[in-house]
>>> print(open('query.cif').read())   # mmCIF, C-alpha atoms
data_start
loop_
_atom_site.group_PDB
_atom_site.id
_atom_site.type_symbol
_atom_site.label_atom_id
_atom_site.label_comp_id
_atom_site.auth_asym_id
_atom_site.auth_seq_id
_atom_site.Cartn_x
_atom_site.Cartn_y
_atom_site.Cartn_z
ATOM 1 C CA MET A 1 22.219 -20.219 -5.663
ATOM 2 C CA ILE A 2 19.176 -18.102 -6.433
ATOM 3 C CA GLU A 3 16.816 -20.947 -5.463
ATOM 4 C CA THR A 4 18.627 -21.342 -2.125
ATOM 5 C CA ASP A 5 18.253 -17.620 -1.410
ATOM 6 C CA GLU A 6 14.568 -17.779 -2.298
ATOM 7 C CA LEU A 7 14.091 -20.805 -0.039
ATOM 8 C CA ASP A 8 15.868 -19.047 2.833
ATOM 9 C CA LEU A 9 13.691 -15.974 2.315
ATOM 10 C CA ALA A 10 10.518 -18.087 2.242
ATOM 11 C CA GLN A 11 11.570 -19.815 5.463
ATOM 12 C CA GLU A 12 12.266 -16.426 7.054
ATOM 13 C CA HIS A 13 8.809 -15.176 6.069
ATOM 14 C CA MET A 14 7.179 -18.327 7.466
ATOM 15 C CA ALA A 15 9.168 -17.984 10.702
ATOM 16 C CA ALA A 16 7.874 -14.406 11.024
ATOM 17 C CA ILE A 17 4.305 -15.591 10.453
ATOM 18 C CA ASP A 18 4.774 -18.270 13.133
ATOM 19 C CA VAL A 19 5.997 -15.680 15.663
ATOM 20 C CA LEU A 20 3.005 -13.475 14.876
ATOM 21 C CA ARG A 21 0.650 -16.460 15.162
ATOM 22 C CA VAL A 22 1.893 -17.354 18.646
ATOM 23 C CA ALA A 23 1.563 -13.741 19.805
ATOM 24 C CA LYS A 24 -1.919 -13.449 18.308
ATOM 25 C CA ASN A 25 -3.047 -16.643 20.015
ATOM 26 C CA ALA A 26 -1.859 -15.362 23.388
ATOM 27 C CA PHE A 27 -3.598 -12.000 22.956
ATOM 28 C CA VAL A 28 -6.827 -13.573 21.670
ATOM 29 C CA TRP A 29 -7.157 -15.795 24.733
ATOM 30 C CA LEU A 30 -6.180 -12.921 27.026
ATOM 31 C CA ALA A 31 -8.886 -10.730 25.474
ATOM 32 C CA ILE A 32 -11.483 -13.501 25.695
ATOM 33 C CA ALA A 33 -10.671 -14.054 29.378
ATOM 34 C CA ALA A 34 -11.032 -10.317 30.087
ATOM 35 C CA VAL A 35 -14.385 -10.144 28.275
ATOM 36 C CA LEU A 36 -15.579 -13.258 30.103
ATOM 37 C CA LEU A 37 -14.769 -11.503 33.376
ATOM 38 C CA HIS A 38 -17.181 -8.744 32.320
ATOM 39 C CA LEU A 39 -19.883 -11.313 31.604
ATOM 40 C CA VAL A 40 -19.324 -12.951 34.998
ATOM 41 C CA ALA A 41 -19.529 -9.516 36.646
ATOM 42 C CA PHE A 42 -22.819 -8.842 34.872
ATOM 43 C CA GLY A 43 -24.214 -12.157 36.074
ATOM 44 C CA ALA A 44 -22.999 -11.530 39.633
ATOM 45 C CA VAL A 45 -24.530 -8.047 39.773
ATOM 46 C CA MET A 46 -27.800 -9.338 38.325
ATOM 47 C CA ALA A 47 -27.912 -12.107 40.930
ATOM 48 C CA ALA A 48 -27.045 -9.660 43.728
ATOM 49 C CA ALA A 49 -29.661 -7.174 42.514
ATOM 50 C CA ASP A 50 -32.304 -9.896 42.591
ATOM 51 C CA SER A 51 -31.375 -11.116 46.058
ATOM 52 C CA GLU A 52 -29.894 -8.248 48.064
ATOM 53 C CA GLY A 53 -30.621 -5.016 46.295
ATOM 54 C CA GLY A 54 -27.677 -4.210 44.054
ATOM 55 C CA GLN A 55 -24.594 -2.227 45.009
ATOM 56 C CA GLY A 56 -24.602 -2.993 48.698
ATOM 57 C CA ALA A 57 -24.428 -6.712 47.990
ATOM 58 C CA PHE A 58 -20.661 -6.671 47.478
ATOM 59 C CA GLY A 59 -19.804 -4.615 50.560
ATOM 60 C CA ALA A 60 -16.044 -4.466 51.117
ATOM 61 C CA TRP A 61 -15.400 -6.243 47.812
ATOM 62 C CA SER A 62 -16.947 -3.426 45.803
ATOM 63 C CA ASP A 63 -13.648 -1.550 45.335
ATOM 64 C CA ARG A 64 -11.759 -4.695 44.320
ATOM 65 C CA PHE A 65 -14.593 -5.629 41.993
ATOM 66 C CA ASP A 66 -14.369 -2.199 40.361
ATOM 67 C CA GLN A 67 -10.574 -2.455 40.025
ATOM 68 C CA ALA A 68 -10.814 -5.928 38.518
ATOM 69 C CA LEU A 69 -13.295 -4.713 35.896
ATOM 70 C CA SER A 70 -11.118 -1.684 35.109
ATOM 71 C CA ILE A 71 -8.033 -3.828 34.645
ATOM 72 C CA ALA A 72 -9.970 -6.385 32.590
ATOM 73 C CA GLY A 73 -11.337 -3.574 30.401
ATOM 74 C CA PHE A 74 -7.847 -2.233 29.773
ATOM 75 C CA VAL A 75 -6.465 -5.715 29.050
ATOM 76 C CA ALA A 76 -9.315 -6.489 26.640
ATOM 77 C CA ARG A 77 -9.004 -3.197 24.765
ATOM 78 C CA ALA A 78 -5.211 -3.369 24.559
ATOM 79 C CA SER A 79 -5.293 -7.024 23.483
ATOM 80 C CA VAL A 80 -7.837 -6.425 20.723
ATOM 81 C CA LEU A 81 -5.766 -3.477 19.495
ATOM 82 C CA VAL A 82 -2.614 -5.626 19.441
ATOM 83 C CA ILE A 83 -4.526 -8.393 17.629
ATOM 84 C CA ASN A 84 -5.466 -5.911 14.908
ATOM 85 C CA GLY A 85 -1.842 -4.834 14.589
ATOM 86 C CA ILE A 86 -0.737 -8.456 14.315
ATOM 87 C CA PHE A 87 -3.303 -9.085 11.581
ATOM 88 C CA LEU A 88 -2.073 -6.097 9.589
ATOM 89 C CA ILE A 89 1.587 -7.068 9.952
ATOM 90 C CA SER A 90 0.773 -10.689 9.033
ATOM 91 C CA LEU A 91 -1.100 -9.509 5.978
ATOM 92 C CA LEU A 92 1.848 -7.340 4.916
ATOM 93 C CA VAL A 93 4.303 -10.226 5.380
ATOM 94 C CA CYS A 94 2.002 -12.549 3.454
ATOM 95 C CA LEU A 95 1.615 -10.106 0.565
ATOM 96 C CA SER A 96 5.302 -9.173 0.409
ATOM 97 C CA ALA A 97 6.321 -12.861 0.358
ATOM 98 C CA LYS A 98 3.605 -13.716 -2.179
ATOM 99 C CA MET A 99 2.341 -16.499 0.076
ATOM 100 C CA GLY A 100 -1.125 -17.961 -0.035
ATOM 101 C CA GLY A 101 -3.709 -17.115 2.601
ATOM 102 C CA ALA A 102 -4.039 -13.373 2.096
ATOM 103 C CA ALA A 103 -7.827 -13.642 1.744
ATOM 104 C CA GLY A 104 -8.114 -15.484 5.066
ATOM 105 C CA LEU A 105 -5.933 -12.904 6.782
ATOM 106 C CA ALA A 106 -8.013 -10.069 5.333
ATOM 107 C CA ARG A 107 -11.206 -11.790 6.524
ATOM 108 C CA GLY A 108 -9.753 -12.274 9.989
ATOM 109 C CA CYS A 109 -8.648 -8.642 10.035
ATOM 110 C CA VAL A 110 -12.217 -7.535 9.359
ATOM 111 C CA TRP A 111 -13.546 -9.701 12.228
ATOM 112 C CA ALA A 112 -10.872 -8.294 14.549
ATOM 113 C CA LEU A 113 -11.775 -4.738 13.492
ATOM 114 C CA VAL A 114 -15.423 -5.402 14.401
ATOM 115 C CA ALA A 115 -14.260 -6.632 17.823
ATOM 116 C CA LEU A 116 -12.174 -3.457 18.178
ATOM 117 C CA ALA A 117 -15.181 -1.292 17.337
ATOM 118 C CA LEU A 118 -17.224 -3.093 19.984
ATOM 119 C CA VAL A 119 -14.668 -2.636 22.781
ATOM 120 C CA THR A 120 -13.819 0.960 21.914
ATOM 121 C CA PRO A 121 -15.386 3.380 24.401
ATOM 122 C CA TRP A 122 -17.682 5.668 22.442
ATOM 123 C CA ILE A 123 -18.777 9.043 23.740
ATOM 124 C CA ASN A 124 -22.216 9.025 25.320
ATOM 125 C CA ALA A 125 -24.063 12.340 25.229
ATOM 126 C CA GLY A 126 -25.565 13.204 28.579
ATOM 127 C CA ASP A 127 -26.762 10.623 31.050
ATOM 128 C CA SER A 128 -28.663 8.568 28.521
ATOM 129 C CA ALA A 129 -28.428 4.813 28.821
ATOM 130 C CA GLY A 130 -27.069 4.487 25.297
ATOM 131 C CA PHE A 131 -24.408 2.077 24.127
ATOM 132 C CA THR A 132 -20.881 3.202 24.967
ATOM 133 C CA SER A 133 -18.870 -0.035 24.764
ATOM 134 C CA ALA A 134 -19.175 -3.790 25.105
ATOM 135 C CA LEU A 135 -17.012 -3.392 28.213
ATOM 136 C CA TYR A 136 -18.277 -1.617 31.286
ATOM 137 C CA GLY A 137 -17.519 -0.676 34.849
ATOM 138 C CA THR A 138 -19.340 -1.326 38.076
ATOM 139 C CA ALA A 139 -20.978 2.103 37.997
ATOM 140 C CA ASP A 140 -22.648 1.178 34.694
ATOM 141 C CA LEU A 141 -23.759 -2.161 36.102
ATOM 142 C CA TYR A 142 -25.138 -0.693 39.327
ATOM 143 C CA ARG A 143 -26.958 2.058 37.445
ATOM 144 C CA ALA A 144 -28.542 -0.456 35.074
ATOM 145 C CA THR A 145 -29.541 -2.921 37.784
ATOM 146 C CA GLY A 146 -30.447 -0.517 40.581
ATOM 147 C CA ALA A 147 -33.748 -0.666 42.416
ATOM 148 C CA ASP A 148 -35.213 2.237 40.423
ATOM 149 C CA ALA A 149 -33.919 1.112 37.017
ATOM 150 C CA ALA A 150 -35.289 -1.573 34.773
ATOM 151 C CA LEU A 151 -32.572 -3.302 32.758
ATOM 152 C CA GLY A 152 -34.628 -3.432 29.567
ATOM 153 C CA TRP A 153 -33.588 -4.712 26.186
ATOM 154 C CA MET A 154 -30.854 -2.080 25.686
ATOM 155 C CA GLY A 155 -29.157 -3.137 28.925
ATOM 156 C CA ALA A 156 -29.424 -6.805 28.012
ATOM 157 C CA VAL A 157 -27.848 -6.066 24.619
ATOM 158 C CA ARG A 158 -25.056 -3.960 26.088
ATOM 159 C CA PHE A 159 -24.174 -6.050 29.125
ATOM 160 C CA GLY A 160 -24.945 -9.514 27.760
ATOM 161 C CA LEU A 161 -25.008 -9.688 23.977
ATOM 162 C CA CYS A 162 -22.188 -7.265 23.093
ATOM 163 C CA PRO A 163 -19.499 -9.070 25.116
ATOM 164 C CA ILE A 164 -20.656 -12.336 23.540
ATOM 165 C CA LEU A 165 -20.356 -10.693 20.102
ATOM 166 C CA VAL A 166 -16.796 -9.591 20.928
ATOM 167 C CA ILE A 167 -15.899 -13.176 21.804
ATOM 168 C CA ALA A 168 -17.581 -14.432 18.622
ATOM 169 C CA MET A 169 -15.663 -11.912 16.483
ATOM 170 C CA LEU A 170 -12.364 -12.890 18.133
ATOM 171 C CA LEU A 171 -13.060 -16.577 17.558
ATOM 172 C CA ALA A 172 -14.018 -15.883 13.921
ATOM 173 C CA SER A 173 -10.758 -13.978 13.426
ATOM 174 C CA GLN A 174 -8.890 -16.851 15.086
ATOM 175 C CA TRP A 175 -10.510 -19.342 12.717
ATOM 176 C CA SER A 176 -9.690 -17.193 9.661
ATOM 177 C CA TYR A 177 -6.058 -16.840 10.729
ATOM 178 C CA ARG A 178 -5.838 -20.585 11.280
ATOM 179 C CA ALA A 179 -7.137 -21.280 7.779
ATOM 180 C CA ALA A 180 -4.770 -18.697 6.291
ATOM 181 C CA HIS A 181 -1.816 -20.148 8.203
ATOM 182 C CA HIS A 182 -2.652 -23.611 6.893
ATOM 183 C CA ARG A 183 -2.726 -22.218 3.369
ATOM 184 C CA MET A 184 0.599 -20.416 3.875
ATOM 185 C CA SER A 185 2.322 -23.489 5.278
ATOM 186 C CA LEU A 186 1.464 -25.660 2.281
ATOM 187 C CA ALA A 187 4.390 -26.311 -0.004
ATOM 188 C CA PRO A 188 4.514 -23.784 -2.837
ATOM 189 C CA PRO A 189 3.772 -25.139 -6.295
ATOM 190 C CA ALA A 190 6.737 -26.142 -8.413
ATOM 191 C CA ARG A 191 8.037 -23.301 -10.536
ATOM 192 C CA LEU A 192 8.087 -23.947 -14.222
ATOM 193 C CA PRO A 193 11.045 -22.811 -16.273
ATOM 194 C CA ILE A 194 10.297 -19.716 -18.318
ATOM 195 C CA HIS A 195 10.299 -21.613 -21.619
ATOM 196 C CA GLU A 196 7.450 -23.890 -20.351
ATOM 197 C CA VAL A 197 5.137 -21.052 -19.344
#
>>> encode(input="query.cif", output="structure tokens")
Amino acid sequence: MIETDELDLAQEHMAAIDVLRVAKNAFVWLAIAAVLLHLVAFGAVMAAADSEGGQGAFGAWSDRFDQALSIAGFVARASVLVINGIFLISLLVCLSAKMGGAAGLARGCVWALVALALVTPWINAGDSAGFTSALYGTADLYRATGADAALGWMGAVRFGLCPILVIAMLLASQWSYRAAHHRMSLAPPARLPIHEV
């Protein structure tokens, strides 16, 4: 009877991990899509700045472009925050059930925390062109690519490299979770009776 209860509890823990895995997958791909929208916006503004002179290139679409980036920024930040919560809950379930894969979950949690740090809007003192977040709005893009501004290496890092780093961190966390899930889903080793230990 005790073994049946333990088996039911193990199945319940694995079912919880599966629910968390599906939710994490959805939020990871949602966050990646939102960050990719920022990269596409950066490329579009760079191309428009080269050909037509920046902000005026989008005309009537400028407001919709700004709204799309705002919504994508919110979706990316919220998704990365939810991903971190899912990693922590998965790690707690894994540890409480004494399943394998805790190291992979902890590794994935660290990668997701780095992604969260990159998408978090940091306070920027004054009007300096310092790093505030891997996500940005149209005002930041227009200011960085305007006729009187040179993009420079800091702009290339902020608008190009940082979103790519966010995607890389999310994919690394995804890979770690996948490896941990594989380890958790393996059959547990046979328990030896106490007199054989």
>>> residues_around(input="query.cif", residues="Leu20 in chain A", least_positions_apart="4", cutoff="12 Å", atoms="only C-alpha atoms", output="PDB file with C-alpha atoms, in the frame of the given file")
ATOM      1  CA  HIS A  13       8.809 -15.176   6.069  1.00  0.00           C
ATOM      2  CA  MET A  14       7.179 -18.327   7.466  1.00  0.00           C
ATOM      3  CA  ALA A  15       9.168 -17.984  10.702  1.00  0.00           C
ATOM      4  CA  ALA A  16       7.874 -14.406  11.024  1.00  0.00           C
ATOM      5  CA  LYS A  24      -1.919 -13.449  18.308  1.00  0.00           C
ATOM      6  CA  ASN A  25      -3.047 -16.643  20.015  1.00  0.00           C
ATOM      7  CA  ALA A  26      -1.859 -15.362  23.388  1.00  0.00           C
ATOM      8  CA  PHE A  27      -3.598 -12.000  22.956  1.00  0.00           C
ATOM      9  CA  VAL A  28      -6.827 -13.573  21.670  1.00  0.00           C
ATOM     10  CA  VAL A  82      -2.614  -5.626  19.441  1.00  0.00           C
ATOM     11  CA  ILE A  83      -4.526  -8.393  17.629  1.00  0.00           C
ATOM     12  CA  ASN A  84      -5.466  -5.911  14.908  1.00  0.00           C
ATOM     13  CA  GLY A  85      -1.842  -4.834  14.589  1.00  0.00           C
ATOM     14  CA  ILE A  86      -0.737  -8.456  14.315  1.00  0.00           C
ATOM     15  CA  PHE A  87      -3.303  -9.085  11.581  1.00  0.00           C
ATOM     16  CA  LEU A  88      -2.073  -6.097   9.589  1.00  0.00           C
ATOM     17  CA  ILE A  89       1.587  -7.068   9.952  1.00  0.00           C
ATOM     18  CA  SER A  90       0.773 -10.689   9.033  1.00  0.00           C
ATOM     19  CA  LEU A  91      -1.100  -9.509   5.978  1.00  0.00           C
ATOM     20  CA  LEU A  92       1.848  -7.340   4.916  1.00  0.00           C
ATOM     21  CA  VAL A  93       4.303 -10.226   5.380  1.00  0.00           C
ATOM     22  CA  CYS A  94       2.002 -12.549   3.454  1.00  0.00           C
ATOM     23  CA  TYR A 177      -6.058 -16.840  10.729  1.00  0.00           C
ATOM     24  CA  ARG A 178      -5.838 -20.585  11.280  1.00  0.00           C
ATOM     25  CA  HIS A 181      -1.816 -20.148   8.203  1.00  0.00           C
TER      26      HIS A 181
END
>>> atom_distance(input="query.cif", atom1="CA of Tyr142 in chain A", atom2="CA of Val45 in chain A")
7.4 Å
>>> closest_residue(input="query.cif", among="A:Leu116, A:Met46, A:Ala31, A:Ala76", to="Ala156 in chain A", atoms="all atoms listed in the file")
A:Met46
>>> resolve_selection(input="query.cif", expression="the PyMOL selection byres ((chain A and resi 164) around 12)", output="ChimeraX atom specification")
/A:32-40,115,118-119,134-135,156-163,165-171
>>> atom_distance(input="query.cif", atom1="CA of Gly101 in chain A", atom2="CA of Arg183 in chain A")
5.3 Å
>>> atom_distance(input="query.cif", atom1="CA of Asp63 in chain A", atom2="CA of Trp122 in chain A")
24.3 Å
>>> axis_aligned_box(input="query.cif", around="range 84-93 of chain A", padding_each_side="6 Å", output="lines of an AutoDock Vina configuration file")
center_x = -0.6
center_y = -7.8
center_z = 9.9
size_x = 21.8
size_y = 17.9
size_z = 22.0
>>> closest_residue(input="query.cif", among="A:Arg107, A:Leu30, A:Arg64, A:Ser133", to="Val80 in chain A", atoms="only C-alpha atoms")
A:Leu30
>>> closest_residue(input="query.cif", among="A:Gly155, A:Pro121, A:Gly73, A:Gly100", to="His182 in chain A", atoms="all atoms listed in the file")
A:Gly100
>>> closest_residue(input="query.cif", among="A:Val110, A:Ile71, A:Met99, A:Leu81", to="Leu186 in chain A", atoms="all atoms listed in the file")
A:Met99
